[in-house]
Amino acid sequence: MAAREMRMIGEMRFPGRTDIISDVRIYTVRWLAIEHPESAEDDTLIYNLRLLTTEIAANAIKHTLSGRWKRGTFRIRVWLGAHSERFSPWEHRSQAGCGSTFLIEK
């Protein structure tokens, strides 16, 4: 799916600490549930979203300055398309992304 067919439904900056990962999961699930309330009943979709969010946050913390710098942060962006969601982690101290974009097909 082309990026232009997707729209951002959520974006937030988080501290680069492992104890914040559960908050990241809560926010991403909430963003999706607000946009598509019926998705809250799809256990497989919610499970995959939580799993993917955990992986994204943990990788941002472990492999970028977000987790190594005392005041490091990372940002999660979530886009929604007709048939998929896209997640991108971004490190606070650079304009370049962490190099990963993840898709979940509905």
# chains A, B, ... in the order shown; residues from 1 in each chain; ligands from 1
call {"tool": "closest_atom_pairs", "arguments": {"of": "region 20-49 of chain A", "to": "region 66-85 of chain A", "cutoff": "9 Å", "atoms": "only C-alpha atoms", "output": "JSON lines"}}
result
{"residue": "A:Val24", "atom": "CA", "partner": "A:Ile76", "partner_atom": "CA", "distance": 8.1}
{"residue": "A:Thr28", "atom": "CA", "partner": "A:Val78", "partner_atom": "CA", "distance": 7.4}
{"residue": "A:Trp31", "atom": "CA", "partner": "A:Val78", "partner_atom": "CA", "distance": 8.1}
{"residue": "A:Leu32", "atom": "CA", "partner": "A:Leu80", "partner_atom": "CA", "distance": 8.1}
{"residue": "A:Glu35", "atom": "CA", "partner": "A:Leu80", "partner_atom": "CA", "distance": 8.7}
call {"tool": "residues_around", "arguments": {"residues": "Ser22 (chain A)", "least_positions_apart": "2", "cutoff": "12 Å", "atoms": "only C-alpha atoms", "output": "ChimeraX atom specification"}}
result
/A:14,17-20,24-29,50-51,53-58
call {"tool": "write_last_selection", "arguments": {"atoms": "N, CA and C atoms", "output": "PDB file, in the first residue's frame"}}
result
ATOM      1  N   PHE A  14       8.395   9.132  23.735  1.00  0.00           N
ATOM      2  CA  PHE A  14       8.513   8.389  24.985  1.00  0.00           C
ATOM      3  C   PHE A  14       9.952   8.438  25.492  1.00  0.00           C
ATOM      4  N   ARG A  17      13.459   4.460  28.197  1.00  0.00           N
ATOM      5  CA  ARG A  17      13.612   3.552  29.352  1.00  0.00           C
ATOM      6  C   ARG A  17      12.708   2.335  29.156  1.00  0.00           C
ATOM      7  N   THR A  18      13.179   1.186  29.594  1.00  0.00           N
ATOM      8  CA  THR A  18      12.404  -0.039  29.410  1.00  0.00           C
ATOM      9  C   THR A  18      11.103  -0.046  30.213  1.00  0.00           C
ATOM     10  N   ASP A  19      11.047   0.684  31.318  1.00  0.00           N
ATOM     11  CA  ASP A  19       9.816   0.672  32.112  1.00  0.00           C
ATOM     12  C   ASP A  19       8.672   1.417  31.421  1.00  0.00           C
ATOM     13  N   ILE A  20       8.933   2.050  30.308  1.00  0.00           N
ATOM     14  CA  ILE A  20       7.906   2.810  29.594  1.00  0.00           C
ATOM     15  C   ILE A  20       7.229   1.973  28.501  1.00  0.00           C
ATOM     16  N   VAL A  24       3.758   2.522  25.977  1.00  0.00           N
ATOM     17  CA  VAL A  24       3.763   2.580  24.519  1.00  0.00           C
ATOM     18  C   VAL A  24       2.683   1.654  23.971  1.00  0.00           C
ATOM     19  N   ARG A  25       2.581   0.455  24.517  1.00  0.00           N
ATOM     20  CA  ARG A  25       1.541  -0.493  24.079  1.00  0.00           C
ATOM     21  C   ARG A  25       0.146   0.085  24.301  1.00  0.00           C
ATOM     22  N   ILE A  26      -0.082   0.681  25.461  1.00  0.00           N
ATOM     23  CA  ILE A  26      -1.400   1.249  25.786  1.00  0.00           C
ATOM     24  C   ILE A  26      -1.779   2.324  24.779  1.00  0.00           C
ATOM     25  N   TYR A  27      -0.865   3.236  24.488  1.00  0.00           N
ATOM     26  CA  TYR A  27      -1.171   4.326  23.563  1.00  0.00           C
ATOM     27  C   TYR A  27      -1.442   3.837  22.155  1.00  0.00           C
ATOM     28  N   THR A  28      -0.651   2.903  21.647  1.00  0.00           N
ATOM     29  CA  THR A  28      -0.861   2.456  20.271  1.00  0.00           C
ATOM     30  C   THR A  28      -2.190   1.723  20.119  1.00  0.00           C
ATOM     31  N   VAL A  29      -2.543   0.901  21.099  1.00  0.00           N
ATOM     32  CA  VAL A  29      -3.844   0.215  21.054  1.00  0.00           C
ATOM     33  C   VAL A  29      -4.978   1.242  21.151  1.00  0.00           C
ATOM     34  N   ARG A  50       0.261  -5.244  20.046  1.00  0.00           N
ATOM     35  CA  ARG A  50       1.038  -5.172  21.294  1.00  0.00           C
ATOM     36  C   ARG A  50       2.422  -5.792  21.131  1.00  0.00           C
ATOM     37  N   LEU A  51       2.487  -6.929  20.465  1.00  0.00           N
ATOM     38  CA  LEU A  51       3.770  -7.601  20.242  1.00  0.00           C
ATOM     39  C   LEU A  51       4.699  -6.723  19.399  1.00  0.00           C
ATOM     40  N   THR A  53       4.535  -3.472  18.929  1.00  0.00           N
ATOM     41  CA  THR A  53       4.875  -2.261  19.680  1.00  0.00           C
ATOM     42  C   THR A  53       5.985  -2.536  20.684  1.00  0.00           C
ATOM     43  N   THR A  54       5.914  -3.674  21.360  1.00  0.00           N
ATOM     44  CA  THR A  54       6.953  -4.053  22.317  1.00  0.00           C
ATOM     45  C   THR A  54       8.299  -4.179  21.611  1.00  0.00           C
ATOM     46  N   GLU A  55       8.309  -4.816  20.465  1.00  0.00           N
ATOM     47  CA  GLU A  55       9.545  -5.003  19.699  1.00  0.00           C
ATOM     48  C   GLU A  55      10.113  -3.664  19.232  1.00  0.00           C
ATOM     49  N   ILE A  56       9.253  -2.800  18.714  1.00  0.00           N
ATOM     50  CA  ILE A  56       9.697  -1.489  18.239  1.00  0.00           C
ATOM     51  C   ILE A  56      10.308  -0.681  19.376  1.00  0.00           C
ATOM     52  N   ALA A  57       9.598  -0.610  20.491  1.00  0.00           N
ATOM     53  CA  ALA A  57      10.082   0.185  21.627  1.00  0.00           C
ATOM     54  C   ALA A  57      11.383  -0.382  22.188  1.00  0.00           C
ATOM     55  N   ALA A  58      11.432  -1.698  22.357  1.00  0.00           N
ATOM     56  CA  ALA A  58      12.640  -2.322  22.903  1.00  0.00           C
ATOM     57  C   ALA A  58      13.842  -2.107  21.983  1.00  0.00           C
TER      58      ALA A  58
END
call {"tool": "atom_distance", "arguments": {"atom1": "CA of Leu49 (chain A)", "atom2": "CA of Arg7 (chain A)"}}
result
17.2 Å
call {"tool": "closest_residue", "arguments": {"among": "A:Glu5, A:Gly16, A:Thr44, A:Gly10", "to": "Ala60 (chain A)", "atoms": "only C-alpha atoms"}}
result
A:Gly16
call {"tool": "select_by_dssp", "arguments": {"residues": "region 3-81 of chain A", "states": "helix (DSSP H, G or I)", "output": "JSON, numbers by chain"}}
result
{"A": [3, 4, 5, 18, 19, 20, 21, 22, 23, 24, 25, 26, 27, 28, 29, 30, 31, 32, 33, 34, 35, 37, 38, 39, 40, 41, 43, 44, 45, 46, 47, 48, 49, 50, 51, 52, 53, 54, 55, 56, 57, 58, 59, 60, 61, 62, 63, 65, 66, 67, 68]}
call {"tool": "write_last_selection", "arguments": {"atoms": "N, CA and C atoms", "output": "compact mmCIF listing (two decimals), in the first residue's frame"}}
result
# COMPACT_ATOMS: atom_id res chain seq x y z
N ALA A 3 2.26 4.90 0.68
CA ALA A 3 2.21 5.73 1.88
C ALA A 3 1.16 6.83 1.76
N ARG A 4 0.91 7.32 0.57
CA ARG A 4 -0.05 8.42 0.44
C ARG A 4 -1.48 7.97 0.73
N GLU A 5 -1.74 6.68 0.72
CA GLU A 5 -3.06 6.16 1.03
C GLU A 5 -3.25 5.96 2.53
N THR A 18 13.18 1.19 29.59
CA THR A 18 12.40 -0.04 29.41
C THR A 18 11.10 -0.05 30.21
N ASP A 19 11.05 0.68 31.32
CA ASP A 19 9.82 0.67 32.11
C ASP A 19 8.67 1.42 31.42
N ILE A 20 8.93 2.05 30.31
CA ILE A 20 7.91 2.81 29.59
C ILE A 20 7.23 1.97 28.50
N ILE A 21 7.75 0.79 28.22
CA ILE A 21 7.23 -0.03 27.12
C ILE A 21 5.74 -0.34 27.27
N SER A 22 5.27 -0.60 28.48
CA SER A 22 3.84 -0.88 28.65
C SER A 22 3.00 0.34 28.29
N ASP A 23 3.50 1.54 28.56
CA ASP A 23 2.77 2.75 28.17
C ASP A 23 2.69 2.89 26.65
N VAL A 24 3.76 2.52 25.98
CA VAL A 24 3.76 2.58 24.52
C VAL A 24 2.68 1.65 23.97
N ARG A 25 2.58 0.45 24.52
CA ARG A 25 1.54 -0.49 24.08
C ARG A 25 0.15 0.08 24.30
N ILE A 26 -0.08 0.68 25.46
CA ILE A 26 -1.40 1.25 25.79
C ILE A 26 -1.78 2.32 24.78
N TYR A 27 -0.86 3.24 24.49
CA TYR A 27 -1.17 4.33 23.56
C TYR A 27 -1.44 3.84 22.16
N THR A 28 -0.65 2.90 21.65
CA THR A 28 -0.86 2.46 20.27
C THR A 28 -2.19 1.72 20.12
N VAL A 29 -2.54 0.90 21.10
CA VAL A 29 -3.84 0.21 21.05
C VAL A 29 -4.98 1.24 21.15
N ARG A 30 -4.81 2.23 21.99
CA ARG A 30 -5.84 3.27 22.13
C ARG A 30 -6.02 4.04 20.83
N TRP A 31 -4.91 4.40 20.15
CA TRP A 31 -5.03 5.13 18.89
C TRP A 31 -5.86 4.33 17.88
N LEU A 32 -5.58 3.04 17.78
CA LEU A 32 -6.33 2.21 16.85
C LEU A 32 -7.79 2.09 17.26
N ALA A 33 -8.05 1.87 18.54
CA ALA A 33 -9.43 1.71 19.02
C ALA A 33 -10.25 2.98 18.82
N ILE A 34 -9.63 4.14 18.93
CA ILE A 34 -10.35 5.40 18.71
C ILE A 34 -10.74 5.54 17.24
N GLU A 35 -9.82 5.19 16.35
CA GLU A 35 -10.10 5.30 14.91
C GLU A 35 -11.06 4.23 14.41
N PRO A 37 -13.29 1.55 16.41
CA PRO A 37 -13.74 0.90 17.65
C PRO A 37 -13.95 -0.61 17.51
N GLU A 38 -14.35 -1.06 16.32
CA GLU A 38 -14.57 -2.49 16.12
C GLU A 38 -13.28 -3.30 16.22
N SER A 39 -12.13 -2.67 16.03
CA SER A 39 -10.85 -3.37 16.12
C SER A 39 -10.53 -3.80 17.55
N ALA A 40 -11.13 -3.15 18.52
CA ALA A 40 -10.88 -3.50 19.93
C ALA A 40 -11.36 -4.92 20.25
N GLU A 41 -12.24 -5.45 19.43
CA GLU A 41 -12.75 -6.80 19.64
C GLU A 41 -11.98 -7.87 18.88
N ASP A 43 -9.08 -9.87 18.83
CA ASP A 43 -8.00 -10.28 19.72
C ASP A 43 -6.67 -10.51 19.01
N THR A 44 -6.73 -11.09 17.81
CA THR A 44 -5.50 -11.36 17.07
C THR A 44 -4.82 -10.04 16.66
N LEU A 45 -5.60 -9.10 16.18
CA LEU A 45 -5.05 -7.81 15.79
C LEU A 45 -4.43 -7.09 16.99
N ILE A 46 -5.13 -7.07 18.09
CA ILE A 46 -4.62 -6.40 19.30
C ILE A 46 -3.37 -7.09 19.81
N TYR A 47 -3.35 -8.43 19.80
CA TYR A 47 -2.16 -9.17 20.22
C TYR A 47 -0.97 -8.81 19.34
N ASN A 48 -1.17 -8.82 18.01
CA ASN A 48 -0.09 -8.49 17.09
C ASN A 48 0.38 -7.05 17.26
N LEU A 49 -0.55 -6.15 17.49
CA LEU A 49 -0.20 -4.75 17.71
C LEU A 49 0.65 -4.60 18.97
N ARG A 50 0.26 -5.24 20.05
CA ARG A 50 1.04 -5.17 21.29
C ARG A 50 2.42 -5.79 21.13
N LEU A 51 2.49 -6.93 20.47
CA LEU A 51 3.77 -7.60 20.24
C LEU A 51 4.70 -6.72 19.40
N LEU A 52 4.18 -6.18 18.33
CA LEU A 52 4.98 -5.33 17.45
C LEU A 52 5.43 -4.07 18.16
N THR A 53 4.54 -3.47 18.93
CA THR A 53 4.88 -2.26 19.68
C THR A 53 5.99 -2.54 20.68
N THR A 54 5.91 -3.67 21.36
CA THR A 54 6.95 -4.05 22.32
C THR A 54 8.30 -4.18 21.61
N GLU A 55 8.31 -4.82 20.47
CA GLU A 55 9.54 -5.00 19.70
C GLU A 55 10.11 -3.66 19.23
N ILE A 56 9.25 -2.80 18.71
CA ILE A 56 9.70 -1.49 18.24
C ILE A 56 10.31 -0.68 19.38
N ALA A 57 9.60 -0.61 20.49
CA ALA A 57 10.08 0.19 21.63
C ALA A 57 11.38 -0.38 22.19
N ALA A 58 11.43 -1.70 22.36
CA ALA A 58 12.64 -2.32 22.90
C ALA A 58 13.84 -2.11 21.98
N ASN A 59 13.64 -2.22 20.68
CA ASN A 59 14.73 -2.00 19.73
C ASN A 59 15.20 -0.55 19.74
N ALA A 60 14.26 0.38 19.81
CA ALA A 60 14.63 1.80 19.86
C ALA A 60 15.47 2.09 21.11
N ILE A 61 15.09 1.50 22.22
CA ILE A 61 15.81 1.72 23.49
C ILE A 61 17.18 1.05 23.46
N LYS A 62 17.23 -0.16 22.93
CA LYS A 62 18.48 -0.93 22.97
C LYS A 62 19.49 -0.51 21.90
N HIS A 63 19.04 -0.17 20.73
CA HIS A 63 19.95 0.00 19.60
C HIS A 63 20.16 1.45 19.14
N LEU A 65 20.56 5.88 20.45
CA LEU A 65 20.90 6.77 21.55
C LEU A 65 19.73 6.96 22.51
N SER A 66 18.52 6.64 22.08
CA SER A 66 17.35 6.80 22.94
C SER A 66 17.53 6.12 24.28
N GLY A 67 18.11 4.93 24.27
CA GLY A 67 18.30 4.19 25.50
C GLY A 67 19.65 4.40 26.15
N ARG A 68 20.62 4.92 25.42
CA ARG A 68 21.97 5.09 25.96
C ARG A 68 22.22 6.48 26.52
